[in-house]
$ cat target-v7.cif   # mmCIF, C-alpha atoms
data_upload
#
loop_
_atom_site.group_PDB
_atom_site.id
_atom_site.type_symbol
_atom_site.label_atom_id
_atom_site.label_comp_id
_atom_site.auth_asym_id
_atom_site.auth_seq_id
_atom_site.Cartn_x
_atom_site.Cartn_y
_atom_site.Cartn_z
ATOM 1 C CA MET A 199 -26.058 -8.796 21.973
ATOM 2 C CA MET A 200 -22.526 -8.306 23.226
ATOM 3 C CA PHE A 201 -21.227 -10.806 20.670
ATOM 4 C CA GLU A 202 -23.077 -9.000 17.864
ATOM 5 C CA LYS A 203 -21.521 -5.668 18.919
ATOM 6 C CA LEU A 204 -18.076 -7.265 18.980
ATOM 7 C CA LYS A 205 -18.676 -8.792 15.539
ATOM 8 C CA VAL A 206 -19.733 -5.455 14.064
ATOM 9 C CA GLY A 207 -16.734 -3.745 15.696
ATOM 10 C CA PHE A 208 -14.399 -6.368 14.265
ATOM 11 C CA HIS A 209 -15.855 -5.983 10.763
ATOM 12 C CA ARG A 210 -15.510 -2.188 11.003
ATOM 13 C CA LEU A 211 -11.778 -2.679 11.486
ATOM 14 C CA GLY A 212 -11.663 -3.834 7.869
ATOM 15 C CA SER A 213 -12.711 -0.345 6.784
ATOM 16 C CA PRO A 214 -9.537 1.643 5.930
ATOM 17 C CA PRO A 215 -10.630 5.011 7.436
ATOM 18 C CA THR A 216 -11.720 3.339 10.700
ATOM 19 C CA PHE A 217 -8.511 1.293 10.839
ATOM 20 C CA TYR A 218 -6.417 4.393 10.114
ATOM 21 C CA ARG A 219 -8.140 6.424 12.846
ATOM 22 C CA LEU A 220 -7.724 3.565 15.317
ATOM 23 C CA CYS A 221 -3.985 3.273 14.536
ATOM 24 C CA ARG A 222 -3.457 7.006 14.939
ATOM 25 C CA ARG A 223 -5.411 7.144 18.202
ATOM 26 C CA LEU A 224 -3.868 4.090 19.855
ATOM 27 C CA SER A 225 -0.238 4.565 18.858
ATOM 28 C CA PRO A 226 0.560 7.542 21.218
ATOM 29 C CA TRP A 227 -0.836 5.567 24.167
ATOM 30 C CA PHE A 228 1.393 2.608 23.364
ATOM 31 C CA TRP A 229 4.395 4.942 23.034
ATOM 32 C CA ALA A 230 3.539 6.552 26.386
ATOM 33 C CA GLY A 231 3.235 3.104 27.980
ATOM 34 C CA PHE A 232 6.574 2.120 26.464
ATOM 35 C CA ALA A 233 8.277 5.271 27.803
ATOM 36 C CA LEU A 234 6.881 4.720 31.311
ATOM 37 C CA CYS A 235 7.804 1.012 31.465
ATOM 38 C CA ALA A 236 11.235 1.632 29.904
ATOM 39 C CA VAL A 237 12.101 4.415 32.390
ATOM 40 C CA ILE A 238 11.179 2.201 35.363
ATOM 41 C CA GLY A 239 12.841 -0.866 33.837
ATOM 42 C CA LEU A 240 16.068 0.906 32.867
ATOM 43 C CA TYR A 241 16.340 2.637 36.234
ATOM 44 C CA GLN A 242 15.999 -0.687 38.054
ATOM 45 C CA ALA A 243 18.303 -2.482 35.610
ATOM 46 C CA LEU A 244 21.102 0.081 35.878
ATOM 47 C CA TYR A 245 20.823 1.423 39.441
ATOM 48 C CA VAL A 246 18.824 -0.939 41.667
ATOM 49 C CA VAL A 247 19.782 -4.518 40.759
ATOM 50 C CA PRO A 248 23.131 -5.626 42.274
ATOM 51 C CA PRO A 249 25.911 -7.107 40.098
ATOM 52 C CA ASP A 250 25.833 -10.836 39.402
ATOM 53 C CA TYR A 251 28.249 -12.882 41.543
ATOM 54 C CA GLN A 252 29.778 -14.566 38.462
ATOM 55 C CA GLN A 253 29.248 -12.203 35.522
ATOM 56 C CA SER A 254 29.480 -8.960 37.501
ATOM 57 C CA ASP A 255 27.846 -5.983 35.693
ATOM 58 C CA SER A 256 27.951 -7.578 32.261
ATOM 59 C CA PHE A 257 24.750 -9.465 33.138
ATOM 60 C CA ARG A 258 22.872 -6.118 32.867
ATOM 61 C CA ILE A 259 22.936 -6.609 29.083
ATOM 62 C CA LEU A 260 20.235 -9.208 29.759
ATOM 63 C CA TYR A 261 17.671 -6.423 30.317
ATOM 64 C CA VAL A 262 17.814 -5.359 26.675
ATOM 65 C CA HIS A 263 18.904 -8.681 25.147
ATOM 66 C CA VAL A 264 16.176 -10.965 26.537
ATOM 67 C CA PRO A 265 13.132 -8.667 26.013
ATOM 68 C CA ALA A 266 14.268 -8.115 22.404
ATOM 69 C CA ALA A 267 14.719 -11.882 21.874
ATOM 70 C CA TRP A 268 11.300 -12.664 23.367
ATOM 71 C CA GLN A 269 9.679 -10.010 21.193
ATOM 72 C CA ALA A 270 11.456 -11.228 18.059
ATOM 73 C CA LEU A 271 9.875 -14.664 18.628
ATOM 74 C CA PHE A 272 6.502 -13.426 19.908
ATOM 75 C CA GLY A 273 6.336 -10.908 17.044
ATOM 76 C CA TYR A 274 6.853 -13.715 14.556
ATOM 77 C CA VAL A 275 4.078 -15.823 16.107
ATOM 78 C CA LEU A 276 1.756 -12.788 16.000
ATOM 79 C CA MET A 277 2.746 -12.136 12.386
ATOM 80 C CA SER A 278 1.954 -15.770 11.511
ATOM 81 C CA ILE A 279 -1.519 -15.569 13.097
ATOM 82 C CA LEU A 280 -2.183 -12.349 11.162
ATOM 83 C CA ALA A 281 -0.816 -13.954 7.970
ATOM 84 C CA ALA A 282 -3.217 -16.905 8.364
ATOM 85 C CA ILE A 283 -6.156 -14.505 8.898
ATOM 86 C CA ALA A 284 -5.049 -12.430 5.885
ATOM 87 C CA LEU A 285 -4.772 -15.502 3.652
ATOM 88 C CA ILE A 286 -8.062 -17.078 4.747
ATOM 89 C CA TRP A 287 -10.329 -14.008 4.901
ATOM 90 C CA ARG A 288 -8.351 -11.709 2.574
ATOM 91 C CA ILE A 289 -8.718 -8.671 4.819
ATOM 92 C CA ARG A 290 -6.493 -5.911 3.452
ATOM 93 C CA THR A 291 -5.897 -4.189 6.791
ATOM 94 C CA THR A 292 -4.720 -7.523 8.246
ATOM 95 C CA GLU A 293 -2.364 -7.984 5.287
ATOM 96 C CA ILE A 294 -0.896 -4.551 6.039
ATOM 97 C CA LEU A 295 -0.566 -5.312 9.761
ATOM 98 C CA THR A 296 1.192 -8.597 8.923
ATOM 99 C CA MET A 297 3.679 -6.913 6.616
ATOM 100 C CA MET A 298 4.362 -4.114 9.093
ATOM 101 C CA CYS A 299 5.292 -6.643 11.810
ATOM 102 C CA ALA A 300 8.358 -7.653 9.787
ATOM 103 C CA PRO A 301 10.508 -4.472 10.096
ATOM 104 C CA VAL A 302 9.877 -4.212 13.858
ATOM 105 C CA GLY A 303 10.548 -7.933 14.300
ATOM 106 C CA ALA A 304 13.776 -7.557 12.331
ATOM 107 C CA ALA A 305 14.766 -4.629 14.573
ATOM 108 C CA CYS A 306 14.153 -6.736 17.716
ATOM 109 C CA THR A 307 16.156 -9.642 16.236
ATOM 110 C CA PHE A 308 18.987 -7.250 15.386
ATOM 111 C CA ILE A 309 19.009 -5.872 18.958
ATOM 112 C CA CYS A 310 19.080 -9.447 20.281
ATOM 113 C CA LEU A 311 21.989 -10.489 18.028
ATOM 114 C CA ALA A 312 24.026 -7.306 18.540
ATOM 115 C CA THR A 313 23.635 -7.227 22.332
ATOM 116 C CA GLY A 314 24.205 -10.995 22.490
ATOM 117 C CA SER A 315 27.470 -10.506 20.636
ATOM 118 C CA LEU A 316 28.457 -7.704 23.026
ATOM 119 C CA TRP A 317 27.656 -9.991 25.956
ATOM 120 C CA GLY A 318 29.443 -12.959 24.401
ATOM 121 C CA GLN A 319 32.802 -11.217 24.010
ATOM 122 C CA PRO A 320 33.519 -10.652 27.738
ATOM 123 C CA MET A 321 31.815 -13.879 28.921
ATOM 124 C CA TRP A 322 32.639 -16.467 26.223
ATOM 125 C CA GLY A 323 35.694 -14.746 24.748
ATOM 126 C CA THR A 324 34.136 -14.516 21.283
ATOM 127 C CA TRP A 325 31.802 -12.161 19.444
ATOM 128 C CA TRP A 326 30.142 -14.965 17.511
ATOM 129 C CA ALA A 327 29.888 -18.766 17.439
ATOM 130 C CA TRP A 328 28.028 -20.949 14.931
ATOM 131 C CA ASP A 329 26.027 -22.402 17.780
ATOM 132 C CA ALA A 330 22.443 -23.659 17.275
ATOM 133 C CA ARG A 331 20.730 -20.818 19.175
ATOM 134 C CA LEU A 332 22.765 -18.030 17.578
ATOM 135 C CA THR A 333 22.530 -19.476 14.076
ATOM 136 C CA SER A 334 18.761 -20.083 14.260
ATOM 137 C CA MET A 335 18.317 -16.497 15.507
ATOM 138 C CA LEU A 336 20.384 -15.238 12.558
ATOM 139 C CA VAL A 337 18.129 -17.299 10.252
ATOM 140 C CA LEU A 338 15.130 -15.524 11.856
ATOM 141 C CA LEU A 339 16.672 -12.156 10.942
ATOM 142 C CA PHE A 340 17.113 -13.334 7.343
ATOM 143 C CA ILE A 341 13.497 -14.558 7.263
ATOM 144 C CA TYR A 342 12.263 -11.163 8.490
ATOM 145 C CA LEU A 343 14.407 -9.401 5.855
ATOM 146 C CA GLY A 344 13.213 -11.862 3.190
ATOM 147 C CA ILE A 345 9.575 -11.092 4.015
ATOM 148 C CA MET A 346 10.236 -7.344 3.752
ATOM 149 C CA GLY A 347 12.088 -7.807 0.465
ATOM 150 C CA LEU A 348 9.452 -10.069 -1.048
ATOM 151 C CA TYR A 349 6.647 -7.667 -0.112
ATOM 152 C CA SER A 350 8.373 -4.678 -1.669
ATOM 153 C CA ALA A 351 9.416 -6.626 -4.794
ATOM 154 C CA PHE A 352 5.830 -6.605 -6.139
ATOM 155 C CA ASP A 353 4.245 -3.565 -7.783
ATOM 156 C CA ASP A 354 0.854 -4.919 -6.746
ATOM 157 C CA ARG A 355 1.119 -4.629 -2.959
ATOM 158 C CA ARG A 356 -1.794 -6.992 -2.279
ATOM 159 C CA LYS A 357 -0.215 -9.698 -4.380
ATOM 160 C CA GLY A 358 3.115 -9.051 -2.660
ATOM 161 C CA ALA A 359 1.460 -9.292 0.746
ATOM 162 C CA ARG A 360 -0.223 -12.612 -0.103
ATOM 163 C CA VAL A 361 3.030 -14.171 -1.353
ATOM 164 C CA ALA A 362 4.924 -12.828 1.672
ATOM 165 C CA CYS A 363 2.200 -14.225 3.992
ATOM 166 C CA ILE A 364 2.967 -17.707 2.629
ATOM 167 C CA LEU A 365 6.665 -17.165 3.388
ATOM 168 C CA VAL A 366 5.676 -16.043 6.919
ATOM 169 C CA LEU A 367 3.843 -19.338 7.487
ATOM 170 C CA VAL A 368 6.740 -21.378 6.051
ATOM 171 C CA GLY A 369 9.211 -19.516 8.272
ATOM 172 C CA LEU A 370 7.165 -20.370 11.381
ATOM 173 C CA VAL A 371 9.017 -23.703 11.504
ATOM 174 C CA ASN A 372 12.098 -21.790 12.723
ATOM 175 C CA ILE A 373 10.398 -20.608 15.943
ATOM 176 C CA PRO A 374 10.326 -23.987 17.795
ATOM 177 C CA ILE A 375 13.840 -24.640 16.467
ATOM 178 C CA ILE A 376 15.044 -21.420 18.127
ATOM 179 C CA HIS A 377 13.167 -22.137 21.344
ATOM 180 C CA PHE A 378 14.309 -25.755 21.752
ATOM 181 C CA SER A 379 17.784 -25.354 20.181
ATOM 182 C CA VAL A 380 19.400 -25.183 23.640
ATOM 183 C CA ASP A 381 17.726 -28.499 24.611
ATOM 184 C CA TRP A 382 18.181 -30.368 21.316
ATOM 185 C CA TRP A 383 21.853 -29.527 20.769
ATOM 186 C CA THR A 384 24.877 -28.839 22.941
ATOM 187 C CA THR A 385 25.233 -25.091 22.703
ATOM 188 C CA LEU A 386 27.500 -22.351 23.979
ATOM 189 C CA HIS A 387 24.344 -20.369 24.713
ATOM 190 C CA GLN A 388 22.880 -21.156 28.111
ATOM 191 C CA GLY A 389 19.571 -22.972 28.572
ATOM 192 C CA ALA A 390 16.316 -21.244 29.546
ATOM 193 C CA THR A 391 16.651 -19.264 32.799
ATOM 194 C CA ILE A 392 13.082 -17.997 33.025
ATOM 195 C CA ASN A 393 10.368 -20.618 33.216
ATOM 196 C CA LEU A 394 6.753 -19.482 32.958
ATOM 197 C CA PHE A 395 5.317 -22.751 34.245
ATOM 198 C CA GLY A 396 7.988 -23.780 36.734
ATOM 199 C CA GLU A 397 10.748 -22.506 38.959
ATOM 200 C CA SER A 398 13.015 -19.909 37.339
ATOM 201 C CA LYS A 399 16.773 -20.152 37.796
ATOM 202 C CA MET A 400 17.042 -16.376 38.127
ATOM 203 C CA HIS A 401 17.200 -14.701 41.524
ATOM 204 C CA PRO A 402 13.849 -12.969 42.284
ATOM 205 C CA SER A 403 15.599 -9.618 42.891
ATOM 206 C CA MET A 404 16.704 -9.614 39.239
ATOM 207 C CA LEU A 405 13.242 -10.262 37.792
ATOM 208 C CA PRO A 406 11.291 -6.931 38.124
ATOM 209 C CA PRO A 407 13.389 -4.909 35.605
ATOM 210 C CA LEU A 408 13.175 -7.799 33.154
ATOM 211 C CA ILE A 409 9.379 -7.800 33.379
ATOM 212 C CA TRP A 410 9.219 -3.995 32.964
ATOM 213 C CA MET A 411 11.521 -4.114 29.944
ATOM 214 C CA ALA A 412 9.641 -7.044 28.383
ATOM 215 C CA VAL A 413 6.350 -5.113 28.668
ATOM 216 C CA ALA A 414 8.073 -1.961 27.324
ATOM 217 C CA VAL A 415 9.392 -3.751 24.229
ATOM 218 C CA LYS A 416 5.971 -5.315 23.566
ATOM 219 C CA LEU A 417 4.313 -1.869 23.756
ATOM 220 C CA MET A 418 7.007 -0.410 21.470
ATOM 221 C CA PHE A 419 6.446 -3.223 18.953
ATOM 222 C CA THR A 420 2.688 -2.525 18.895
ATOM 223 C CA ALA A 421 3.160 1.245 18.594
ATOM 224 C CA VAL A 422 5.592 0.945 15.676
ATOM 225 C CA MET A 423 3.394 -1.644 13.962
ATOM 226 C CA LEU A 424 0.385 0.709 14.186
ATOM 227 C CA ASP A 425 2.399 3.752 13.011
ATOM 228 C CA ARG A 426 3.801 1.881 10.029
ATOM 229 C CA SER A 427 0.402 0.371 9.168
ATOM 230 C CA ALA A 428 -1.279 3.799 9.151
ATOM 231 C CA ASN A 429 1.400 5.117 6.754
ATOM 232 C CA GLU A 430 1.184 2.071 4.495
ATOM 233 C CA LEU A 431 -2.599 2.379 4.311
ATOM 234 C CA VAL A 432 -2.396 6.056 3.300
ATOM 235 C CA ASP A 433 0.256 5.219 0.704
ATOM 236 C CA GLN A 434 -1.861 2.422 -0.805
ATOM 237 C CA ASP A 435 -5.059 4.502 -0.755
ATOM 238 C CA ARG A 436 -3.522 7.788 -1.944
ATOM 239 C CA ARG A 437 -6.094 8.092 -4.762
ATOM 240 C CA LYS A 438 -9.083 7.278 -2.557
ATOM 241 C CA ASN A 439 -11.569 9.842 -1.306
ATOM 242 C CA TRP A 440 -10.997 9.279 2.399
ATOM 243 C CA VAL A 441 -7.289 10.105 1.993
ATOM 244 C CA ARG A 442 -8.058 13.213 -0.090
ATOM 245 C CA LYS A 443 -10.535 14.318 2.544
ATOM 246 C CA MET A 444 -7.918 13.726 5.241
ATOM 247 C CA ILE A 445 -5.372 15.823 3.310
ATOM 248 C CA GLY A 446 -8.008 18.539 2.990
ATOM 249 C CA ASP A 447 -8.511 18.430 6.760
ATOM 250 C CA TYR A 448 -4.759 18.736 7.380
ATOM 251 C CA ALA A 449 -4.243 21.552 4.846
ATOM 252 C CA MET B 1 25.333 10.007 37.571
ATOM 253 C CA ILE B 2 26.309 7.308 35.076
ATOM 254 C CA PRO B 3 27.384 4.165 36.978
ATOM 255 C CA GLN B 4 30.973 2.993 36.461
ATOM 256 C CA PHE B 5 30.263 -0.654 35.727
ATOM 257 C CA GLU B 6 32.738 -3.450 35.325
ATOM 258 C CA TYR B 7 32.660 -4.301 31.565
ATOM 259 C CA ALA B 8 31.205 -0.775 31.169
ATOM 260 C CA VAL B 9 32.012 -0.573 27.435
ATOM 261 C CA PHE B 10 29.984 -3.700 26.663
ATOM 262 C CA VAL B 11 27.046 -2.738 28.911
ATOM 263 C CA TRP B 12 26.758 0.846 27.662
ATOM 264 C CA THR B 13 27.254 -0.127 24.004
ATOM 265 C CA SER B 14 24.408 -2.661 24.348
ATOM 266 C CA TYR B 15 22.088 -0.044 25.825
ATOM 267 C CA GLY B 16 23.241 2.357 23.111
ATOM 268 C CA VAL B 17 22.332 -0.160 20.376
ATOM 269 C CA PHE B 18 18.914 -0.633 21.996
ATOM 270 C CA ALA B 19 18.314 3.140 22.270
ATOM 271 C CA THR B 20 19.456 3.786 18.679
ATOM 272 C CA VAL B 21 17.170 1.119 17.217
ATOM 273 C CA VAL B 22 14.175 2.285 19.302
ATOM 274 C CA ILE B 23 14.730 5.935 18.302
ATOM 275 C CA TRP B 24 14.953 4.885 14.636
ATOM 276 C CA GLN B 25 11.761 2.842 14.986
ATOM 277 C CA PHE B 26 10.052 5.942 16.392
ATOM 278 C CA LEU B 27 11.443 8.380 13.838
ATOM 279 C CA GLN B 28 11.099 6.326 10.651
ATOM 280 C CA PRO B 29 7.249 6.305 10.588
ATOM 281 C CA VAL B 30 7.138 10.004 11.563
ATOM 282 C CA LEU B 31 9.467 10.945 8.687
ATOM 283 C CA ARG B 32 7.618 8.701 6.218
ATOM 284 C CA ARG B 33 4.284 10.204 7.238
ATOM 285 C CA ARG B 34 5.638 13.724 6.745
ATOM 286 C CA ARG B 35 6.993 12.806 3.307
ATOM 287 C CA LEU B 36 3.731 11.101 2.326
ATOM 288 C CA LEU B 37 1.562 14.037 3.389
ATOM 289 C CA ALA B 38 3.846 16.473 1.528
ATOM 290 C CA GLU B 39 3.600 14.322 -1.622
ATOM 291 C CA LEU B 40 -0.175 14.072 -1.358
ATOM 292 C CA ARG B 41 -0.579 17.817 -0.766
ATOM 293 C CA GLU B 42 1.628 18.509 -3.778
ATOM 294 C CA GLU B 43 -0.448 16.131 -5.922
ATOM 295 C CA ALA B 44 -3.662 17.779 -4.704
ATOM 296 C CA ALA B 45 -2.268 21.259 -5.453
ATOM 297 C CA LEU B 46 -1.172 20.194 -8.946
ATOM 298 C CA GLN B 47 -4.547 18.632 -9.619
ATOM 299 C CA SER B 48 -6.479 21.710 -8.471
ATOM 300 C CA GLY B 49 -4.175 23.817 -10.698
ATOM 301 C CA VAL B 50 -4.941 21.593 -13.706
ATOM 302 C CA GLU B 51 -8.687 21.747 -13.002
ATOM 303 C CA GLN B 52 -8.618 25.583 -12.926
#
$ encode --input "target-v7.cif" --output "structure tokens"
Amino acid sequence: MMFEKLKVGFHRLGSPPTFYRLCRRLSPWFWAGFALCAVIGLYQALYVVPPDYQQSDSFRILYVHVPAAWQALFGYVLMSILAAIALIWRIRTTEILTMMCAPVGAACTFICLATGSLWGQPMWGTWWAWDARLTSMLVLLFIYLGIMGLYSAFDDRRKGARVACILVLVGLVNIPIIHFSVDWWTTLHQGATINLFGESKMHPSMLPPLIWMAVAVKLMFTAVMLDRSANELVDQDRRKNWVRKMIGDYA
Amino acid sequence: MIPQFEYAVFVWTSYGVFATVVIWQFLQPVLRRRRLLAELREEAALQSGVEQ
């Protein structure tokens, strides 16, 4: 019974008006969650946590750099799962969701690269190095931009989405390369500090703001993805009755 | 009060980059939605004018 209800609910998500309403209803909650988590996280990151004994205050860049990096990778994995679903079951709303992950993922990758560069200058003495971690992250940014470009290059958006979904799945190979780059090669970038399944090298007092900021960035990613998907759906369905009715309601 | 950090320029610029990108990510869909709705209303108005 429960499974049947879930199945029906899932199938309803394929209906554009239902999907649109869901996006519009959920997005403000995700934005509110982001604002709350970000306020707590930023307050702790800038006022509560003491300076690092080696890096002094420059380590505070970590609280925007690491959550953005995690989300850039997690966003790509999510986009790949959605791309596989879109290619196998050809659900249009999933195609839209997949394509709308790319701009937010690119934004997170950009934040990661820019803040990493700003952290690198005082600590390493250089803005940029062609090191395995940095280069593979730059490749991720180009993949995100490539997906966006490929999608918008087609007049037929569905065809564009399907071709871009294939590129998404091809680009997935870069994710383990990024993750293990610090283990496989000798890099200027440090190894993993946070370990989900073992002991972390970070002092426990420095962890809470990182967790708050990581949750905040994830909520922001979801909110933007939903906002962009709702817009894209309206744009694609501009001649359909449900959109005309919606315009009538807004007028 | 804004804390006077060591390496303050690098720390505050990083947070500035983060804030700018997040604000743009918030504003871009809002602006696109406004533009889309204006376009659709204009199309609807033109169409109702043609029908009359």
$ closest_residue --input "target-v7.cif" --among "B:Ala38, B:Val11, B:Ala19, B:Ala45" --to "chain A" --atoms "only C-alpha atoms"
B:Val11
$ interface_residues --input "target-v7.cif" --of "chain B" --to "chain A" --cutoff "6 Å" --atoms "all atoms listed in the file" --output "PDB file with C-alpha atoms, in the coordinates of the input"
ATOM      1  CA  PHE B   5      30.263  -0.654  35.727  1.00  0.00           C
ATOM      2  CA  GLU B   6      32.738  -3.450  35.325  1.00  0.00           C
ATOM      3  CA  TYR B   7      32.660  -4.301  31.565  1.00  0.00           C
ATOM      4  CA  PHE B  10      29.984  -3.700  26.663  1.00  0.00           C
ATOM      5  CA  VAL B  11      27.046  -2.738  28.911  1.00  0.00           C
ATOM      6  CA  SER B  14      24.408  -2.661  24.348  1.00  0.00           C
ATOM      7  CA  PRO B  29       7.249   6.305  10.588  1.00  0.00           C
ATOM      8  CA  ARG B  33       4.284  10.204   7.238  1.00  0.00           C
TER       9      ARG B  33
END
$ atom_distance --input "target-v7.cif" --atom1 "atom CA of A:Leu338" --atom2 "atom CA of A:Leu276"
14.3 Å
$ atom_distance --input "target-v7.cif" --atom1 "atom CA of A:Thr307" --atom2 "atom CA of A:Ala270"
5.3 Å
$ residues_around --input "target-v7.cif" --residues "A:Ser350" --least-positions-apart "3" --cutoff "12 Å" --atoms "only C-alpha atoms" --output "list in words"
Met297, Met298, Ala300, Pro301, Leu343, Gly344, Ile345, Met346, Gly347, Asp353, Asp354, Arg355, Arg356, Lys357, Gly358, Ala359, Arg360, Val361, Ala362 and Glu430 of chain A
$ residues_near_point --input "target-v7.cif" --point "(17.8, -20.8, 15.6)" --cutoff "12 Å" --atoms "all atoms listed in the file" --output "CSV table (one decimal) with C-alpha atoms, in the frame of the given file"
chain,number,residue,atom,x,y,z
A,267,ALA,CA,14.7,-11.9,21.9
A,270,ALA,CA,11.5,-11.2,18.1
A,271,LEU,CA,9.9,-14.7,18.6
A,307,THR,CA,16.2,-9.6,16.2
A,311,LEU,CA,22.0,-10.5,18.0
A,328,TRP,CA,28.0,-20.9,14.9
A,329,ASP,CA,26.0,-22.4,17.8
A,330,ALA,CA,22.4,-23.7,17.3
A,331,ARG,CA,20.7,-20.8,19.2
A,332,LEU,CA,22.8,-18.0,17.6
A,333,THR,CA,22.5,-19.5,14.1
A,334,SER,CA,18.8,-20.1,14.3
A,335,MET,CA,18.3,-16.5,15.5
A,336,LEU,CA,20.4,-15.2,12.6
A,337,VAL,CA,18.1,-17.3,10.3
A,338,LEU,CA,15.1,-15.5,11.9
A,339,LEU,CA,16.7,-12.2,10.9
A,340,PHE,CA,17.1,-13.3,7.3
A,341,ILE,CA,13.5,-14.6,7.3
A,369,GLY,CA,9.2,-19.5,8.3
A,370,LEU,CA,7.2,-20.4,11.4
A,371,VAL,CA,9.0,-23.7,11.5
A,372,ASN,CA,12.1,-21.8,12.7
A,373,ILE,CA,10.4,-20.6,15.9
A,374,PRO,CA,10.3,-24.0,17.8
A,375,ILE,CA,13.8,-24.6,16.5
A,376,ILE,CA,15.0,-21.4,18.1
A,377,HIS,CA,13.2,-22.1,21.3
A,378,PHE,CA,14.3,-25.8,21.8
A,379,SER,CA,17.8,-25.4,20.2
A,380,VAL,CA,19.4,-25.2,23.6
A,381,ASP,CA,17.7,-28.5,24.6
A,382,TRP,CA,18.2,-30.4,21.3
A,383,TRP,CA,21.9,-29.5,20.8
A,385,THR,CA,25.2,-25.1,22.7
A,387,HIS,CA,24.3,-20.4,24.7
$ atom_distance --input "target-v7.cif" --atom1 "atom CA of B:Val9" --atom2 "atom CA of A:Ala390"
26.0 Å
$ resolve_selection --input "target-v7.cif" --expression "the PyMOL selection byres ((chain A and resi 413) around 9)" --output "PyMOL selection string"
chain A and resi 231-232+235-236+265+408-412+414-418
$ decode --input "target-v7.cif" --residues "stretch 285-301 of chain A" --atoms "N, CA and C atoms" --output "CSV table (one decimal), in the first residue's frame"
chain,number,residue,atom,x,y,z
A,285,LEU,N,18.3,9.2,-19.2
A,285,LEU,CA,18.6,8.4,-20.4
A,285,LEU,C,17.8,7.1,-20.5
A,286,ILE,N,17.7,6.5,-19.3
A,286,ILE,CA,17.0,5.2,-19.3
A,286,ILE,C,15.5,5.3,-19.5
A,287,TRP,N,14.9,6.2,-18.6
A,287,TRP,CA,13.4,6.3,-18.6
A,287,TRP,C,12.9,7.5,-19.4
A,288,ARG,N,13.7,8.3,-19.9
A,288,ARG,CA,13.3,9.5,-20.8
A,288,ARG,C,12.3,10.3,-20.1
A,289,ILE,N,12.5,10.7,-18.8
A,289,ILE,CA,11.6,11.5,-18.1
A,289,ILE,C,12.1,13.0,-18.3
A,290,ARG,N,11.2,13.8,-18.9
A,290,ARG,CA,11.6,15.2,-19.2
A,290,ARG,C,12.0,16.0,-18.0
A,291,THR,N,11.2,15.9,-16.9
A,291,THR,CA,11.5,16.7,-15.7
A,291,THR,C,12.9,16.3,-15.2
A,292,THR,N,13.3,15.0,-15.3
A,292,THR,CA,14.6,14.6,-14.8
A,292,THR,C,15.7,15.1,-15.7
A,293,GLU,N,15.4,15.2,-17.0
A,293,GLU,CA,16.4,15.8,-18.0
A,293,GLU,C,16.6,17.3,-17.6
A,294,ILE,N,15.5,18.0,-17.3
A,294,ILE,CA,15.7,19.4,-16.9
A,294,ILE,C,16.5,19.5,-15.6
A,295,LEU,N,16.1,18.7,-14.6
A,295,LEU,CA,16.9,18.7,-13.3
A,295,LEU,C,18.3,18.5,-13.5
A,296,THR,N,18.7,17.5,-14.4
A,296,THR,CA,20.1,17.2,-14.7
A,296,THR,C,20.8,18.4,-15.3
A,297,MET,N,20.1,19.0,-16.3
A,297,MET,CA,20.8,20.1,-16.9
A,297,MET,C,20.9,21.3,-16.0
A,298,MET,N,20.0,21.5,-15.0
A,298,MET,CA,20.0,22.6,-14.1
A,298,MET,C,21.0,22.4,-13.0
A,299,CYS,N,21.5,21.2,-12.8
A,299,CYS,CA,22.6,21.0,-11.9
A,299,CYS,C,23.9,21.6,-12.3
A,300,ALA,N,24.1,21.7,-13.7
A,300,ALA,CA,25.4,22.1,-14.2
A,300,ALA,C,25.8,23.5,-13.8
A,301,PRO,N,24.9,24.5,-14.0
A,301,PRO,CA,25.3,25.9,-13.6
A,301,PRO,C,25.6,26.1,-12.1
